[in-house]
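Colleague: Next up is a structure, given as structure tokens.
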Amino acid sequence: MTEVNADLSANVWKIVVSEGDVVAADDTLMILESMKMEIPVEAPVAGTVVSLAVAEGDTIDEGALLATIE
């Protein structure tokens, strides 16, 4: 299991994967918005998205769990 955490405090602007989706390393999982900049969150490993810990519109802090990939 690999946890994907936020690198900065931001808003979850758009989630582009769903639980159960198979992703390759470097695929975009979601897009965060901070200070009017869009920051893509990419999968660090290939695998299956087991869980999404956030929803679109959520405000998150640095280090927050975003998703888990198996």
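In the structure tokens, chains take the letters A, B, ... in the order shown, each chain's residues start at 1, and ligands count up from 1 in the order shown.
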Please give the complete set of residues from chain A that DSSP, run on the backbone, assigns to strand (DSSP E or B), formatted as a PyMOL selection string.
Modeller: chain A and resi 2-5+10-15+22-23+28-34+37-42+47-52+59-60+65-69
Colleague: Using N, CA and C atoms, can you write the selected residues to a file as a JSON list (two decimals), in the first residue's frame?
Modeller:
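Output file part10.json follows:
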```json
[["chain", "number", "residue", "atom", "x", "y", "z"],
["A", 2, "THR", "N", 0.55, 2.17, -0.85],
["A", 2, "THR", "CA", 1.28, 3.43, -0.94],
["A", 2, "THR", "C", 0.30, 4.56, -0.66],
["A", 3, "GLU", "N", 0.65, 5.40, 0.30],
["A", 3, "GLU", "CA", -0.18, 6.57, 0.61],
["A", 3, "GLU", "C", 0.29, 7.76, -0.21],
["A", 4, "VAL", "N", -0.66, 8.50, -0.73],
["A", 4, "VAL", "CA", -0.36, 9.74, -1.47],
["A", 4, "VAL", "C", -0.78, 10.89, -0.57],
["A", 5, "ASN", "N", 0.18, 11.75, -0.22],
["A", 5, "ASN", "CA", -0.08, 12.86, 0.70],
["A", 5, "ASN", "C", 0.10, 14.20, -0.01],
["A", 10, "ALA", "N", -3.98, 23.29, 0.35],
["A", 10, "ALA", "CA", -4.65, 23.65, -0.91],
["A", 10, "ALA", "C", -6.12, 23.27, -0.84],
["A", 11, "ASN", "N", -6.82, 23.54, -1.93],
["A", 11, "ASN", "CA", -8.20, 23.08, -2.12],
["A", 11, "ASN", "C", -8.17, 21.97, -3.16],
["A", 12, "VAL", "N", -9.01, 20.96, -2.97],
["A", 12, "VAL", "CA", -9.13, 19.90, -3.97],
["A", 12, "VAL", "C", -10.04, 20.44, -5.06],
["A", 13, "TRP", "N", -9.45, 20.72, -6.21],
["A", 13, "TRP", "CA", -10.20, 21.33, -7.30],
["A", 13, "TRP", "C", -10.93, 20.28, -8.13],
["A", 14, "LYS", "N", -10.20, 19.21, -8.52],
["A", 14, "LYS", "CA", -10.81, 18.18, -9.38],
["A", 14, "LYS", "C", -10.16, 16.83, -9.11],
["A", 15, "ILE", "N", -10.98, 15.80, -8.98],
["A", 15, "ILE", "CA", -10.49, 14.43, -8.84],
["A", 15, "ILE", "C", -10.74, 13.73, -10.17],
["A", 22, "VAL", "N", -7.29, 1.56, -12.21],
["A", 22, "VAL", "CA", -5.89, 1.15, -12.33],
["A", 22, "VAL", "C", -5.13, 2.34, -12.90],
["A", 23, "VAL", "N", -4.00, 2.69, -12.25],
["A", 23, "VAL", "CA", -3.21, 3.83, -12.68],
["A", 23, "VAL", "C", -1.76, 3.41, -12.91],
["A", 28, "THR", "N", -2.07, 11.38, -13.44],
["A", 28, "THR", "CA", -2.67, 12.39, -12.58],
["A", 28, "THR", "C", -3.85, 11.79, -11.83],
["A", 29, "LEU", "N", -3.84, 11.95, -10.51],
["A", 29, "LEU", "CA", -4.92, 11.46, -9.66],
["A", 29, "LEU", "C", -5.95, 12.56, -9.41],
["A", 30, "MET", "N", -5.44, 13.75, -9.14],
["A", 30, "MET", "CA", -6.32, 14.89, -8.84],
["A", 30, "MET", "C", -5.55, 16.17, -9.06],
["A", 31, "ILE", "N", -6.28, 17.27, -9.05],
["A", 31, "ILE", "CA", -5.67, 18.58, -9.22],
["A", 31, "ILE", "C", -6.03, 19.42, -8.01],
["A", 32, "LEU", "N", -5.00, 19.98, -7.39],
["A", 32, "LEU", "CA", -5.19, 20.87, -6.24],
["A", 32, "LEU", "C", -5.08, 22.31, -6.72],
["A", 33, "GLU", "N", -5.69, 23.22, -5.99],
["A", 33, "GLU", "CA", -5.62, 24.65, -6.31],
["A", 33, "GLU", "C", -5.11, 25.39, -5.09],
["A", 34, "SER", "N", -4.04, 26.16, -5.30],
["A", 34, "SER", "CA", -3.48, 26.96, -4.22],
["A", 34, "SER", "C", -2.97, 28.27, -4.82],
["A", 37, "MET", "N", -3.12, 28.73, -8.49],
["A", 37, "MET", "CA", -2.30, 27.84, -9.31],
["A", 37, "MET", "C", -2.87, 26.43, -9.24],
["A", 38, "GLU", "N", -2.89, 25.73, -10.35],
["A", 38, "GLU", "CA", -3.35, 24.34, -10.38],
["A", 38, "GLU", "C", -2.13, 23.43, -10.25],
["A", 39, "ILE", "N", -2.19, 22.52, -9.26],
["A", 39, "ILE", "CA", -1.08, 21.63, -8.99],
["A", 39, "ILE", "C", -1.55, 20.19, -9.16],
["A", 40, "PRO", "N", -1.06, 19.48, -10.18],
["A", 40, "PRO", "CA", -1.46, 18.08, -10.35],
["A", 40, "PRO", "C", -0.81, 17.19, -9.30],
["A", 41, "VAL", "N", -1.57, 16.22, -8.81],
["A", 41, "VAL", "CA", -1.05, 15.21, -7.89],
["A", 41, "VAL", "C", -0.94, 13.92, -8.70],
["A", 42, "GLU", "N", 0.27, 13.41, -8.82],
["A", 42, "GLU", "CA", 0.51, 12.24, -9.66],
["A", 42, "GLU", "C", 0.72, 10.99, -8.82],
["A", 47, "GLY", "N", -0.58, 0.93, -9.92],
["A", 47, "GLY", "CA", -1.42, 0.07, -9.08],
["A", 47, "GLY", "C", -2.88, 0.42, -9.21],
["A", 48, "THR", "N", -3.65, 0.02, -8.21],
["A", 48, "THR", "CA", -5.08, 0.26, -8.17],
["A", 48, "THR", "C", -5.39, 1.27, -7.06],
["A", 49, "VAL", "N", -6.23, 2.25, -7.37],
["A", 49, "VAL", "CA", -6.65, 3.23, -6.37],
["A", 49, "VAL", "C", -7.60, 2.51, -5.40],
["A", 50, "VAL", "N", -7.14, 2.31, -4.17],
["A", 50, "VAL", "CA", -7.92, 1.59, -3.17],
["A", 50, "VAL", "C", -8.91, 2.53, -2.49],
["A", 51, "SER", "N", -8.44, 3.74, -2.18],
["A", 51, "SER", "CA", -9.34, 4.69, -1.51],
["A", 51, "SER", "C", -8.95, 6.12, -1.84],
["A", 52, "LEU", "N", -9.95, 6.98, -1.85],
["A", 52, "LEU", "CA", -9.76, 8.43, -1.95],
["A", 52, "LEU", "C", -10.17, 9.01, -0.61],
["A", 59, "THR", "N", -10.83, 21.44, 1.64],
["A", 59, "THR", "CA", -9.63, 22.19, 1.95],
["A", 59, "THR", "C", -8.73, 21.27, 2.76],
["A", 60, "ILE", "N", -7.49, 21.13, 2.33],
["A", 60, "ILE", "CA", -6.58, 20.19, 2.98],
["A", 60, "ILE", "C", -5.32, 20.90, 3.46],
["A", 65, "LEU", "N", -3.58, 13.00, 3.97],
["A", 65, "LEU", "CA", -3.76, 11.83, 3.11],
["A", 65, "LEU", "C", -4.76, 12.15, 2.01],
["A", 66, "LEU", "N", -4.36, 11.89, 0.77],
["A", 66, "LEU", "CA", -5.23, 12.14, -0.38],
["A", 66, "LEU", "C", -5.81, 10.85, -0.93],
["A", 67, "ALA", "N", -4.96, 9.84, -1.07],
["A", 67, "ALA", "CA", -5.39, 8.58, -1.69],
["A", 67, "ALA", "C", -4.45, 7.46, -1.25],
["A", 68, "THR", "N", -4.92, 6.24, -1.45],
["A", 68, "THR", "CA", -4.09, 5.06, -1.21],
["A", 68, "THR", "C", -4.10, 4.21, -2.47],
["A", 69, "ILE", "N", -2.89, 3.77, -2.86],
["A", 69, "ILE", "CA", -2.74, 2.93, -4.05],
["A", 69, "ILE", "C", -2.13, 1.60, -3.63]]
```
Colleague: Find the residues near Asp61 (chain A): any atom within 8 Å, counting only C-alpha atoms, skip ones fewer than 6 places away on the same chain, and give them as an MDAnalysis selection string.
Modeller: chainID A and resid 6 8:10
Colleague: Can you spit out the residues from that selection as a CSV table (one decimal), in the first residue's frame, using N, CA, C and O atoms?
Modeller:
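Contents of the output file selection23.csv:
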```
chain,number,residue,atom,x,y,z
A,6,ALA,N,-0.5,15.2,0.5
A,6,ALA,CA,-0.4,16.6,0.0
A,6,ALA,C,0.9,17.2,0.3
A,6,ALA,O,1.4,17.1,1.4
A,8,LEU,N,1.3,20.4,0.0
A,8,LEU,CA,1.1,21.8,0.4
A,8,LEU,C,-0.4,21.9,0.8
A,8,LEU,O,-1.2,21.1,0.5
A,9,SER,N,-0.7,23.0,1.5
A,9,SER,CA,-2.1,23.3,1.9
A,9,SER,C,-2.8,23.8,0.6
A,9,SER,O,-2.2,24.6,-0.1
A,10,ALA,N,-4.0,23.3,0.3
A,10,ALA,CA,-4.6,23.7,-0.9
A,10,ALA,C,-6.1,23.3,-0.8
A,10,ALA,O,-6.6,22.7,0.2
```
Colleague: Hey, can you check how far CA of Met1 (chain A) sits from CA of Glu56 (chain A)?
Modeller: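 Result for CA of Met1 (chain A) versus CA of Glu56 (chain A): 23.0 Å, one decimal.
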